[in-house]
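Enquirer: Next comes the structure file structure-v5.txt, holding compact mmCIF, C-alpha atoms.
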```txt
# COMPACT_ATOMS: atom_id res chain seq x y z
CA MET A 1 119.98 -156.70 -54.87
CA THR A 2 118.85 -160.20 -55.59
CA VAL A 3 119.05 -161.73 -59.04
CA ASN A 4 115.26 -161.92 -59.39
CA LYS A 5 114.90 -158.26 -58.42
CA HIS A 6 117.38 -157.33 -61.16
CA LYS A 7 115.42 -159.44 -63.66
CA ASP A 8 112.16 -157.74 -62.64
CA ILE A 9 113.71 -154.28 -63.10
CA ILE A 10 114.81 -155.17 -66.64
CA ILE A 11 111.45 -156.69 -67.57
CA ASN A 12 109.56 -153.68 -66.18
CA LYS A 13 111.77 -151.22 -68.07
CA TYR A 14 111.31 -152.93 -71.41
CA THR A 15 107.61 -153.55 -70.83
CA GLU A 16 107.12 -149.77 -70.60
CA TYR A 17 109.64 -148.84 -73.35
CA ASP A 18 108.46 -148.69 -76.99
CA GLU A 19 111.23 -150.85 -78.42
CA ASP A 20 109.21 -151.70 -81.52
CA THR A 21 109.64 -148.23 -83.03
CA ARG A 22 113.24 -147.57 -81.97
CA LEU A 23 114.79 -148.71 -85.24
CA VAL A 24 112.58 -146.42 -87.31
CA SER A 25 112.53 -143.41 -84.99
CA ASP A 26 115.43 -141.55 -86.59
CA ARG A 27 118.01 -141.80 -89.35
CA GLY A 28 120.70 -143.22 -87.04
CA HIS A 29 118.58 -146.16 -85.94
CA ASN A 30 117.32 -146.73 -89.47
CA THR A 31 120.95 -146.84 -90.67
CA GLU A 32 121.69 -149.44 -87.97
CA TYR A 33 118.81 -151.60 -89.16
CA LEU A 34 119.68 -151.34 -92.86
CA THR A 35 123.37 -152.06 -92.22
CA THR A 36 122.63 -155.13 -90.09
CA MET A 37 120.18 -156.50 -92.64
CA ARG A 38 122.71 -155.95 -95.44
CA TYR A 39 125.28 -158.09 -93.62
CA ILE A 40 122.72 -160.78 -92.85
CA GLN A 41 121.96 -161.03 -96.56
CA LYS A 42 125.65 -160.87 -97.49
CA PHE A 43 126.87 -163.71 -95.28
CA LEU A 44 123.86 -166.02 -94.96
CA LYS A 45 121.85 -167.91 -97.51
CA PRO A 46 118.12 -168.78 -97.40
CA GLY A 47 117.54 -171.85 -95.27
CA ASP A 48 120.36 -171.01 -92.86
CA LYS A 49 119.52 -170.98 -89.16
CA ILE A 50 119.64 -167.86 -87.00
CA SER A 51 119.38 -167.65 -83.21
CA GLU A 52 118.89 -164.15 -81.89
CA ILE A 53 119.23 -163.65 -78.15
CA GLY A 54 117.82 -160.42 -76.72
CA THR A 55 115.69 -159.93 -79.80
CA ALA A 56 113.28 -157.38 -78.26
CA THR A 57 110.22 -157.21 -80.55
CA GLY A 58 111.94 -159.16 -83.29
CA ARG A 59 112.42 -156.57 -86.02
CA TYR A 60 115.59 -158.33 -87.28
CA SER A 61 114.36 -161.84 -86.55
CA ILE A 62 111.00 -161.43 -88.26
CA ALA A 63 112.56 -159.80 -91.34
CA SER A 64 115.10 -162.63 -91.48
CA ALA A 65 112.39 -165.30 -91.28
CA LYS A 66 110.49 -163.58 -94.09
CA MET A 67 113.67 -163.80 -96.19
CA GLY A 68 113.73 -167.59 -95.71
CA TYR A 69 116.01 -168.12 -92.73
CA ASP A 70 115.06 -170.56 -89.97
CA VAL A 71 114.88 -168.24 -86.94
CA THR A 72 114.70 -168.80 -83.19
CA ALA A 73 114.24 -165.56 -81.25
CA VAL A 74 114.67 -165.29 -77.48
CA ASP A 75 113.89 -162.36 -75.22
CA LEU A 76 113.55 -161.82 -71.48
CA THR A 77 110.45 -159.61 -71.76
CA PRO A 78 107.12 -161.46 -72.15
CA LYS A 79 105.57 -158.40 -73.85
CA HIS A 80 108.17 -158.57 -76.62
CA VAL A 81 107.58 -162.27 -77.21
CA GLU A 82 103.82 -161.68 -77.42
CA ILE A 83 104.42 -158.96 -80.05
CA MET A 84 106.56 -161.37 -82.06
CA LYS A 85 104.00 -164.17 -81.81
CA SER A 86 101.21 -161.88 -83.00
CA GLU A 87 103.23 -160.86 -86.06
CA THR A 88 104.51 -164.31 -87.04
CA ASN A 89 101.67 -166.75 -86.47
CA LYS A 90 101.80 -167.84 -90.15
CA LEU A 91 105.59 -168.21 -90.42
CA LYS A 92 106.61 -171.87 -90.17
CA ASN A 93 110.33 -171.01 -89.95
CA PHE A 94 110.02 -168.73 -86.90
CA LYS A 95 110.06 -169.69 -83.21
CA CYS A 96 110.21 -167.33 -80.26
CA MET A 97 110.32 -167.77 -76.52
CA VAL A 98 110.81 -166.00 -73.21
CA SER A 99 114.07 -166.89 -71.57
CA GLY A 100 116.92 -165.33 -69.68
CA ILE A 101 119.80 -166.35 -67.50
CA PHE A 102 119.43 -164.91 -64.02
```
Once you've parsed the file, please lay out its structure as structure tokens.
Expert:
Amino acid sequence: MTVNKHKDIIINKYTEYDEDTRLVSDRGHNTEYLTTMRYIQKFLKPGDKISEIGTATGRYSIASAKMGYDVTAVDLTPKHVEIMKSETNKLKNFKCMVSGIF
């Protein structure tokens, strides 16, 4: 399997998968989200910079930007980046892009 074929398989899977609702779909995923956000708030202060690689639809990244962090979010799936862009067009402290190492 070539590298580009592998990349295409991953992009196709996540283009069809509803990643945006995963963290709210059940109590386990909601606990994951709340725990992660608690530690972000505990160890970082507003104005700090966050780079999230493999951000999916940006649930953590967008919430972090709304709390005042300077966020750069990167994902391999163009659909995910488009979702992030549509939800953050007014946030000056949020950047997102498609990228991946393959």
Enquirer: Produce a table with one row for each residue of region 37-81 of chain A that has an atom at most 7 Å from any atom of region 14-30 of chain A, each row naming the nearest atom pair and its distance in Å at one decimal; use all atoms listed in the file; arrange rows by chain and rising residue number; format as JSON lines.
Expert:
```
{"residue": "A:Ala56", "atom": "CA", "partner": "A:Glu19", "partner_atom": "CA", "distance": 6.8}
{"residue": "A:Thr57", "atom": "CA", "partner": "A:Asp20", "partner_atom": "CA", "distance": 5.7}
{"residue": "A:Thr77", "atom": "CA", "partner": "A:Tyr14", "partner_atom": "CA", "distance": 6.7}
{"residue": "A:Lys79", "atom": "CA", "partner": "A:Thr15", "partner_atom": "CA", "distance": 6.1}
```
Enquirer: Choose the residue, out of A:Arg38, A:Lys66, A:Thr31, A:Gly58, that has the smallest atom-to-atom separation from Ile83 (chain A); count only C-alpha atoms.
Expert: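 Smallest separation from Ile83 (chain A) among the options: A:Gly58.
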Enquirer: Give me, as a ChimeraX atom specification, all polymer residues having an atom no more than 12 Å from Leu76 (chain A), counting all atoms listed in the file and skipping those fewer than 2 positions away in the same chain.
Expert: /A:6-15,52-57,73-74,78-82,96-102
Enquirer: Would you mind listing what lies within 9 Å of Leu44 (chain A) as a PyMOL selection string, with all atoms listed in the file counted and same-chain residues fewer than 5 positions away left out?
Expert: chain A and resi 39+49+69
Enquirer: A:Gln41, A:Glu32, A:Ser86, A:Asn4: which is nearest Ser64 (chain A), counting all atoms listed in the file?
Expert: A:Gln41
Enquirer: Choose the residue, out of A:Lys90, A:Thr35, A:Lys95, A:Met67, that has the smallest atom-to-atom separation from Ser51 (chain A); count only C-alpha atoms.
Expert: A:Lys95
Enquirer: Please fill the gaps in region 54-76 of chain A so it has N, CA, C and O atoms, and write that as an mmCIF file, in the coordinates of the input.
Expert:
```cif
data_model
loop_
_atom_site.group_PDB
_atom_site.id
_atom_site.type_symbol
_atom_site.label_atom_id
_atom_site.label_comp_id
_atom_site.auth_asym_id
_atom_site.auth_seq_id
_atom_site.Cartn_x
_atom_site.Cartn_y
_atom_site.Cartn_z
ATOM 1 N N GLY A 54 118.070 -161.826 -77.046
ATOM 2 C CA GLY A 54 117.820 -160.420 -76.720
ATOM 3 C C GLY A 54 117.209 -159.717 -77.918
ATOM 4 O O GLY A 54 117.557 -158.610 -78.275
ATOM 5 N N THR A 55 116.244 -160.385 -78.522
ATOM 6 C CA THR A 55 115.690 -159.930 -79.800
ATOM 7 C C THR A 55 114.708 -158.771 -79.683
ATOM 8 O O THR A 55 114.321 -158.206 -80.697
ATOM 9 N N ALA A 56 114.294 -158.430 -78.473
ATOM 10 C CA ALA A 56 113.280 -157.380 -78.260
ATOM 11 C C ALA A 56 112.025 -157.778 -79.029
ATOM 12 O O ALA A 56 111.568 -158.902 -78.890
ATOM 13 N N THR A 57 111.469 -156.900 -79.851
ATOM 14 C CA THR A 57 110.220 -157.210 -80.550
ATOM 15 C C THR A 57 110.430 -157.941 -81.851
ATOM 16 O O THR A 57 109.476 -158.203 -82.579
ATOM 17 N N GLY A 58 111.671 -158.277 -82.177
ATOM 18 C CA GLY A 58 111.940 -159.160 -83.290
ATOM 19 C C GLY A 58 112.065 -158.518 -84.663
ATOM 20 O O GLY A 58 111.916 -159.200 -85.671
ATOM 21 N N ARG A 59 112.338 -157.238 -84.721
ATOM 22 C CA ARG A 59 112.420 -156.570 -86.020
ATOM 23 C C ARG A 59 113.404 -157.292 -86.954
ATOM 24 O O ARG A 59 113.096 -157.562 -88.102
ATOM 25 N N TYR A 60 114.602 -157.613 -86.465
ATOM 26 C CA TYR A 60 115.590 -158.330 -87.280
ATOM 27 C C TYR A 60 115.166 -159.775 -87.514
ATOM 28 O O TYR A 60 115.264 -160.305 -88.616
ATOM 29 N N SER A 61 114.716 -160.423 -86.467
ATOM 30 C CA SER A 61 114.360 -161.840 -86.550
ATOM 31 C C SER A 61 113.196 -162.080 -87.507
ATOM 32 O O SER A 61 113.224 -163.009 -88.317
ATOM 33 N N ILE A 62 112.179 -161.261 -87.404
ATOM 34 C CA ILE A 62 111.000 -161.430 -88.260
ATOM 35 C C ILE A 62 111.369 -161.168 -89.721
ATOM 36 O O ILE A 62 110.996 -161.936 -90.617
ATOM 37 N N ALA A 63 112.125 -160.101 -89.964
ATOM 38 C CA ALA A 63 112.560 -159.800 -91.340
ATOM 39 C C ALA A 63 113.402 -160.954 -91.885
ATOM 40 O O ALA A 63 113.257 -161.342 -93.053
ATOM 41 N N SER A 64 114.252 -161.513 -91.051
ATOM 42 C CA SER A 64 115.100 -162.630 -91.480
ATOM 43 C C SER A 64 114.273 -163.870 -91.819
ATOM 44 O O SER A 64 114.535 -164.557 -92.802
ATOM 45 N N ALA A 65 113.265 -164.153 -91.008
ATOM 46 C CA ALA A 65 112.390 -165.300 -91.280
ATOM 47 C C ALA A 65 111.635 -165.085 -92.591
ATOM 48 O O ALA A 65 111.486 -166.021 -93.388
ATOM 49 N N LYS A 66 111.202 -163.870 -92.845
ATOM 50 C CA LYS A 66 110.490 -163.580 -94.090
ATOM 51 C C LYS A 66 111.410 -163.721 -95.304
ATOM 52 O O LYS A 66 110.935 -163.950 -96.414
ATOM 53 N N MET A 67 112.713 -163.617 -95.093
ATOM 54 C CA MET A 67 113.670 -163.800 -96.190
ATOM 55 C C MET A 67 114.041 -165.274 -96.376
ATOM 56 O O MET A 67 114.827 -165.609 -97.244
ATOM 57 N N GLY A 68 113.509 -166.154 -95.524
ATOM 58 C CA GLY A 68 113.730 -167.590 -95.710
ATOM 59 C C GLY A 68 114.625 -168.260 -94.695
ATOM 60 O O GLY A 68 114.842 -169.467 -94.774
ATOM 61 N N TYR A 69 115.146 -167.520 -93.748
ATOM 62 C CA TYR A 69 116.010 -168.120 -92.730
ATOM 63 C C TYR A 69 115.154 -168.819 -91.677
ATOM 64 O O TYR A 69 114.026 -168.419 -91.403
ATOM 65 N N ASP A 70 115.693 -169.856 -91.072
ATOM 66 C CA ASP A 70 115.060 -170.560 -89.970
ATOM 67 C C ASP A 70 115.482 -169.834 -88.695
ATOM 68 O O ASP A 70 116.653 -169.863 -88.323
ATOM 69 N N VAL A 71 114.539 -169.156 -88.024
ATOM 70 C CA VAL A 71 114.880 -168.240 -86.940
ATOM 71 C C VAL A 71 114.296 -168.694 -85.605
ATOM 72 O O VAL A 71 113.129 -169.070 -85.515
ATOM 73 N N THR A 72 115.136 -168.639 -84.578
ATOM 74 C CA THR A 72 114.700 -168.800 -83.190
ATOM 75 C C THR A 72 115.062 -167.507 -82.475
ATOM 76 O O THR A 72 116.223 -167.105 -82.450
ATOM 77 N N ALA A 73 114.054 -166.841 -81.928
ATOM 78 C CA ALA A 73 114.240 -165.560 -81.250
ATOM 79 C C ALA A 73 113.932 -165.717 -79.765
ATOM 80 O O ALA A 73 112.924 -166.316 -79.391
ATOM 81 N N VAL A 74 114.805 -165.166 -78.933
ATOM 82 C CA VAL A 74 114.670 -165.290 -77.480
ATOM 83 C C VAL A 74 114.753 -163.905 -76.850
ATOM 84 O O VAL A 74 115.641 -163.119 -77.175
ATOM 85 N N ASP A 75 113.822 -163.614 -75.951
ATOM 86 C CA ASP A 75 113.890 -162.360 -75.220
ATOM 87 C C ASP A 75 113.411 -162.576 -73.789
ATOM 88 O O ASP A 75 112.619 -163.475 -73.518
ATOM 89 N N LEU A 76 113.888 -161.748 -72.898
ATOM 90 C CA LEU A 76 113.550 -161.820 -71.480
ATOM 91 C C LEU A 76 112.151 -161.259 -71.191
ATOM 92 O O LEU A 76 111.493 -161.668 -70.250
#
```
